[in-house]
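Undergrad: I have a structure I would like to understand better, so I am pasting it below and will then ask my questions one at a time.
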Amino acid sequence: MAASSPAAASPPRRSRHRDASPRRGDHRKPRSSPSPSPSPDRDADRRRRRSRASPPDSDRRRRDPKPSDDSGMLKSGKVDDRPPRRARVSDGEEEDDRRTRRSRASGDEEEDNRRRRRVRASYDERDGRRSKRDRDRGRHHRRRSPSSDSGSSPDGRHSRHRRAEHLDREERRRSPERKEPTPPLPPPPPLPEMIPGRTGGIYIPPFRMAQMLRDVEDKASPEYQRLTWDALKKSINGLVNKVNAMNIKNLVPELLAENLVRGRGLFCQSCIKSQMASPGFTDVFAALVAVVNTKFPEIGRLLLVRVMLQLKRAYKRNDKPQLLAATKFIAHLVNQVVVHEVVALELLAVLLENPTDDSVEVAVGFVKECGAILQDLTPQGLHAMFERFRGILHEGEIDKRVQFLIEGLFAIRKAKFQGFPAIRPELDLVEQEDQCTHDMSFETELDPETNLNVFRVNPNFVEDEKAYENLKNSILGEDMDEDEEGSDDASDDEDEEGSDDEDDEEQMEIRDKTETNLINLRRTIYLTIMSSVDFEEAGHKLLKIKLEPGQEMELNIMLLECCSQERTYLRYYGLLGQRFCMINKVFQENFEKCFVQQYSMIHRLETNKLRNVAKFFAHLLGTDALPWHVLAYIRLTEEDTTSSSRIFIKILFQELSEHLGIRLLNERLNDPTMQDSFESVFPRDHPKNTRFSINFFTSIGLGGITESLREYLKNMPRLIMQQQKPASSESESGGESSDSGSSSESESSSDESDKKRSKRRKRS
C-alpha cells in the first residue's frame, strides 16, 4: 500500500507504452470477452480502466522478487516490455492486488474532481472580472435600463452553462458508470442603481408618478418641484396635441386647470411647435390662444413675441415653409383680435417693400387668411395694400405664376372674401369686447424669455401653487356656473319640447298647404345657382341637395327661370342643364316636359325671356343633351303659329346653325330615321303649308335647309298627275267627267295662282 500512495497523489500521466495493446514478443492471445460482439466504445473504456488499475513495471518488479525465467534478458541488463508469464498466486496476493487497483482508481477520481473545481473557479473569476468591468464602463458612458442591468450578463451565464455542459460530457465520456450532480450556480449580484440619461431621467409610469408625488413629504424640495414640472410639461403637451374644432370647448377647462402661470413658456412652445407641424389646424390653435389670452394676457403677448421672432428669423434665412407658417399664425391671431390689425399692415408693408416671387406669394396667402377682418376693421389700409399689389402686377417683374396669384386675390376681394371666413362658427368662443389685443412693432427689441422653458427651483413654490389654485377656482367656478345654467335651460327646453310633442301626437295631423317646404327648396336652389362661380361648382352643390321623389322637376323649372331672368343669355345655364341631362335621365325627361310647356305658353313671355329660353334649348339640342324628337311639338304653319312662336323658332334654328353649322344641321334634318319628328316643321301635307315653311326659313337666312322641301314642291304637280292616272282607266263617261273635272280644277288652280301672284306684286 505504501507503493501506491505516490501514484495516487500525482495526476495520471500518459505513458509512451501502449498498455491496452499486447507487448512486443508476446504471442499469447488476449482474453476473449464474455459478450459475443462487444462494441468499440466498451472495449476502449475497458482498456482505459485496465491501464489505470494495472501498476507500473517498477512496482511489479518490486512486489515480485522472483527473477524471470528468461536469463538472456538478465545478462543483457535490459528489462523486457512483455508482461511476465502468469503464475499461480495465492488468494491473499490476489486480494492485495485488487485493493491496490481500487485505491489507484479512487485517487484518479479525486484528482479529476480537483482539476474540474480549479477550472470552474478560474472561469467564475474571469466572468466576475468581466461583469465588474462592464458595470464600471456602463456607469460612466451609457444608461442602463433596470430590466437589463444585472451582475452577470446573460451571455456570461450562457457561456458558463456551456462550459459546465462540456465538462459533464467529458466526465461522462471518461466514466459513464459514475455521475456526479452539477454544483449550483452562484447567485447573481444585486441590481445596480438606475442611471439617469440626458433626457431628464428614466420613464416613470403615470400611476407611479402620482404615488411618488403623494409620498413626498417636503412639498418645497427641488425633487418634488422637478416631478411637478415634468408632469406639467407632459399634461400641456398632451392637451395641445389633442385639441381640434370639436373638442376645444371640453379641453379648455382642463388646460386652465394646469398651472399656466408657471408653464407659460411650455404652453407657448407647444403651441408654436404644433402649429408648425400641422398648419391646417392654425385656426384651432389661434382660438385656443384667444381663450387663454382672455384670462392671462401675458401668455398671449409672450406667444406673439415668439412668433414674430420666428417670422423675422425665417425672413432673414429665406426659410419659406417656416415663414408661411408664422404668417398664417399671425393672420389667425388677427382674426381672433389677439393681435392688432396694425401688425398685419406692417407685415404686408415689409413683405411688399422689395417684392420677390416668394415674398409676394407669402403676402397673398396672408391677405387671403385675414383679408375679411381687415376689410371690416381697416378698409383704407387694405385698399392701400391692394394698390401696392396692383403696382407690382403692372411692373411685371415677377413670375407669371405669382401674377396669376395676385389676379386671383383681386377676384377673391371682389367676391368679398367668400370661402375665406375670418372665424369659423365653431371656433368663435370669445366675445370681441372681452378680448385683450396686443400691439407691437417688428422694429422693437423683443425678448422671447426662453428661460421659461427650463426648470428652475422656485423658493416660493408652495405659495405660488396655492395662489394659482385660488385663481383656478375663481376662473373655473364661473365657467362651471355658466355651464350649469346653460344645461338647466337646455333641460327645461327639452322637457317643454317633449310635452309639446306629446300634445301634438294627441291632436290630429295638420297638413301644411302653404307649400313652405317647396318655397324653401326653390330658395335654396336659386341661391345655390346664383352664388356659384362656374357650372361645375353649381352642379356639385345642387346634387348635394336632398330631393324627395317627384321634386326633381323643381330643379329644372328653377334653372329655366334663372336663365330667363338674365338680361342676356349666359352659357353657364346651358352647360349646367347639359350636365344634369348627362347625369340622370330623369332630368332629361323633365326638360322635354319643360320644352313643351314653354312652347305652349311662349306668347306670355317677353322678348328678352323668350330669347334666353330659345337659346337655352338650342344649346341642349346642339349638344345632344335633349333628343331631337321634341321638335315634333312645333307645327310650322300660318294658322298654328303666332308672332311669339315664330320668334322662338327663328332664334332656336339660328342658334342651332351657329352651334352645328348649316351643313351638319341640314344632315340632321334630312336624317331618314327622324323624318316623322320633322314633318310638323317641314309640312308636306299641302302646298300652302310647304310654301309657308320654305318662305319662313328663307326669310331668316336658313334657306339652305329647305332644299329637299323645294324639290318636293317642284315635283308636286307631277305627283298629283301620277295619282290621277289610275282614275282615267275607268269608264269613258267617268273618264270624260274626270277630264272635265281635272280641266276645271287646273283652271281653278291656275286662277288661284294668278291671284296670289298679283297680290304679291301689289304688296311689293
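Note on naming: chains are A, B, ... as they come in the C-alpha cells, residues start from 1 per chain, ligands start from 1 in the order shown.
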I'd like the contact shell of His383 in chain A - 10 Å cut-off, only C-alpha atoms, skipping same-chain residues fewer than 6 positions apart - returned as a list in words.

TA: Leu374, Gln375 and Phe389 of chain A

Undergrad: Keeping only N, CA, C and O atoms, write the selected residues as a PDB file, in the first residue's frame.

TA:
```pdb
ATOM      1  N   LEU A 374     -59.739  92.440 -42.051  1.00  0.00           N
ATOM      2  CA  LEU A 374     -59.118  93.720 -42.381  1.00  0.00           C
ATOM      3  C   LEU A 374     -60.058  94.602 -43.191  1.00  0.00           C
ATOM      4  O   LEU A 374     -60.020  95.830 -43.079  1.00  0.00           O
ATOM      5  N   GLN A 375     -60.913  93.984 -43.998  1.00  0.00           N
ATOM      6  CA  GLN A 375     -61.898  94.745 -44.752  1.00  0.00           C
ATOM      7  C   GLN A 375     -62.895  95.434 -43.819  1.00  0.00           C
ATOM      8  O   GLN A 375     -63.372  96.531 -44.111  1.00  0.00           O
ATOM      9  N   PHE A 389     -50.274  95.854 -54.546  1.00  0.00           N
ATOM     10  CA  PHE A 389     -50.355  94.635 -55.358  1.00  0.00           C
ATOM     11  C   PHE A 389     -50.576  94.987 -56.827  1.00  0.00           C
ATOM     12  O   PHE A 389     -49.977  94.373 -57.726  1.00  0.00           O
TER      13      PHE A 389
END
```

Undergrad: With only C-alpha atoms as the counted atoms, please give the residues lying no more than 9 Å from Ile236 in chain A, apart from itself and same-chain residues fewer than 5 positions off, as a compact mmCIF listing (two decimals) with N, CA and C atoms, in the first residue's frame.

TA:
```txt
# COMPACT_ATOMS: atom_id res chain seq x y z
N ALA A 231 -44.53 66.61 -14.87
CA ALA A 231 -45.95 66.29 -15.04
C ALA A 231 -46.68 67.44 -15.74
N ASN A 241 -51.81 68.90 -28.16
CA ASN A 241 -51.80 67.98 -29.30
C ASN A 241 -53.17 67.37 -29.56
N LEU A 255 -57.16 72.58 -19.64
CA LEU A 255 -55.93 73.35 -19.78
C LEU A 255 -55.82 74.44 -18.72
N GLU A 258 -54.43 73.41 -15.29
CA GLU A 258 -52.99 73.33 -15.09
C GLU A 258 -52.43 74.71 -14.74
N LEU A 260 -50.79 77.43 -15.66
CA LEU A 260 -50.29 78.09 -16.86
C LEU A 260 -49.36 79.25 -16.54
N GLY A 263 -46.16 77.41 -16.25
CA GLY A 263 -45.82 76.76 -17.52
C GLY A 263 -46.18 77.58 -18.74
N LEU A 266 -43.82 76.78 -21.55
CA LEU A 266 -44.12 75.47 -22.13
C LEU A 266 -45.34 75.53 -23.03
N PHE A 267 -46.37 76.28 -22.62
CA PHE A 267 -47.58 76.40 -23.43
C PHE A 267 -47.29 77.08 -24.77
N SER A 270 -45.23 74.71 -26.98
CA SER A 270 -46.03 73.61 -27.51
C SER A 270 -46.96 74.09 -28.63
```

Undergrad: Just the residues within 10 Å of Lys219 in chain A, please, counting only C-alpha atoms, with nothing from its chain fewer than 5 positions along; format it as a ChimeraX atom specification.

TA: /A:213-214,224-225,228,461-462

Undergrad: In Å, rounded to a single decimal, give me how far CA of Ile529 in chain A is from CA of Gly419 in chain A.

TA: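 Separating CA of Gly419 in chain A from CA of Ile529 in chain A is a distance of 16.1 Å.
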
Undergrad: Residues at most 12 Å from Met530 in chain A, counting only C-alpha atoms, excluding those fewer than 4 positions away in the same chain, as a list in words?

TA: Arg523, Thr524, Ile525, Tyr526, Asp534, Phe535, Glu537, Ala538, Gly539, Lys541, Leu542, Met558, Leu559, Glu561, Cys562, Cys563, Gln565, Glu566, Tyr572 and Tyr573 of chain A

Undergrad: Output the selection as a CSV table (one decimal), in the first residue's frame - N, CA, C and O atoms for each residue.

TA:
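Generated file (part-v3.csv):
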```
chain,number,residue,atom,x,y,z
A,523,ARG,N,-85.9,78.4,-52.9
A,523,ARG,CA,-85.0,79.4,-52.5
A,523,ARG,C,-83.5,78.9,-52.4
A,523,ARG,O,-82.6,79.5,-52.8
A,524,THR,N,-83.4,77.7,-51.9
A,524,THR,CA,-82.1,77.1,-51.8
A,524,THR,C,-81.5,76.8,-53.2
A,524,THR,O,-80.3,77.1,-53.4
A,525,ILE,N,-82.3,76.3,-54.1
A,525,ILE,CA,-81.8,76.1,-55.4
A,525,ILE,C,-81.4,77.4,-56.1
A,525,ILE,O,-80.3,77.5,-56.7
A,526,TYR,N,-82.2,78.4,-55.9
A,526,TYR,CA,-81.9,79.7,-56.6
A,526,TYR,C,-80.6,80.3,-56.0
A,526,TYR,O,-79.7,80.8,-56.8
A,534,ASP,N,-68.8,78.8,-61.2
A,534,ASP,CA,-69.0,78.1,-62.5
A,534,ASP,C,-70.0,77.0,-62.4
A,534,ASP,O,-70.5,76.7,-61.4
A,535,PHE,N,-70.3,76.4,-63.6
A,535,PHE,CA,-71.4,75.4,-63.6
A,535,PHE,C,-71.0,74.1,-62.9
A,535,PHE,O,-71.8,73.4,-62.4
A,537,GLU,N,-69.2,73.9,-60.1
A,537,GLU,CA,-69.5,74.1,-58.7
A,537,GLU,C,-71.0,74.0,-58.4
A,537,GLU,O,-71.4,73.4,-57.4
A,538,ALA,N,-71.7,74.7,-59.3
A,538,ALA,CA,-73.2,74.7,-59.1
A,538,ALA,C,-73.8,73.3,-59.2
A,538,ALA,O,-74.6,72.9,-58.4
A,539,GLY,N,-73.3,72.5,-60.2
A,539,GLY,CA,-73.8,71.2,-60.3
A,539,GLY,C,-73.5,70.3,-59.1
A,539,GLY,O,-74.3,69.5,-58.6
A,541,LYS,N,-73.0,71.4,-56.0
A,541,LYS,CA,-73.8,71.8,-54.8
A,541,LYS,C,-75.2,71.4,-55.0
A,541,LYS,O,-75.9,70.9,-54.0
A,542,LEU,N,-75.8,71.5,-56.2
A,542,LEU,CA,-77.2,71.1,-56.4
A,542,LEU,C,-77.4,69.6,-56.2
A,542,LEU,O,-78.5,69.2,-55.8
A,558,MET,N,-86.5,75.8,-61.8
A,558,MET,CA,-85.8,76.9,-61.3
A,558,MET,C,-84.6,77.3,-62.2
A,558,MET,O,-84.2,78.4,-62.3
A,559,LEU,N,-84.0,76.3,-62.8
A,559,LEU,CA,-82.8,76.5,-63.7
A,559,LEU,C,-83.3,77.3,-64.9
A,559,LEU,O,-82.7,78.3,-65.4
A,561,GLU,N,-86.0,79.2,-65.0
A,561,GLU,CA,-86.4,80.5,-64.6
A,561,GLU,C,-85.3,81.5,-64.4
A,561,GLU,O,-85.3,82.6,-64.8
A,562,CYS,N,-84.2,80.9,-63.8
A,562,CYS,CA,-83.0,81.8,-63.6
A,562,CYS,C,-82.4,82.2,-64.9
A,562,CYS,O,-81.9,83.3,-65.1
A,563,CYS,N,-82.4,81.3,-65.9
A,563,CYS,CA,-81.9,81.6,-67.2
A,563,CYS,C,-82.7,82.7,-67.9
A,563,CYS,O,-82.2,83.6,-68.5
A,565,GLN,N,-84.4,85.0,-66.5
A,565,GLN,CA,-84.4,86.3,-65.8
A,565,GLN,C,-83.1,87.1,-66.1
A,565,GLN,O,-83.1,88.3,-65.8
A,566,GLU,N,-82.1,86.5,-66.8
A,566,GLU,CA,-80.9,87.3,-67.1
A,566,GLU,C,-81.2,88.3,-68.2
A,566,GLU,O,-82.0,88.1,-69.1
A,572,TYR,N,-73.5,79.7,-69.1
A,572,TYR,CA,-73.4,79.0,-67.8
A,572,TYR,C,-74.6,78.1,-67.6
A,572,TYR,O,-74.5,76.9,-67.1
A,573,TYR,N,-75.8,78.6,-67.9
A,573,TYR,CA,-77.1,77.8,-67.7
A,573,TYR,C,-77.2,76.6,-68.7
A,573,TYR,O,-77.6,75.5,-68.3
```

Undergrad: Show me, as a PyMOL selection string, the residues that have an atom within 12 Å of His629 in chain A when counting only C-alpha atoms, minus same-chain residues fewer than 6 positions from it.

TA: chain A and resi 589+592+595-596+621+668-669+671+673-681

Undergrad: Separation of CA of Lys295 in chain A and CA of Val252 in chain A, in Å?

TA: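 Pair CA of Lys295 in chain A / CA of Val252 in chain A returns 11.5 Å.
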
Undergrad: List the neighbours of Pro683 in chain A out to 9 Å using only C-alpha atoms; skip same-chain residues closer than 6 positions along the sequence, and give me the result as a PyMOL selection string.

TA: chain A and resi 635-637+689-690+693+709

Undergrad: Counting only C-alpha atoms, which residue out of A:Ile330, A:Ile651, A:Ala625, A:Leu521 sits closest to Asn608 in chain A?

TA: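 For Asn608 in chain A, the nearest of the candidates is A:Ile651.
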
Undergrad: Could you state the separation of CA of Thr706 in chain A and CA of Lys650 in chain A in Å, given to one decimal place?

TA: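 Atom-to-atom, CA of Thr706 in chain A to CA of Lys650 in chain A, that is 14.2 Å.
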
Undergrad: Show me, as an MDAnalysis selection string, the residues that have an atom within 9 Å of range 271-282 of chain A when counting only C-alpha atoms, minus same-chain residues fewer than 6 positions from it.

TA: chainID A and resid 237 240:241 244:245 289 303 306:307 321:322 324:326 328:329 332
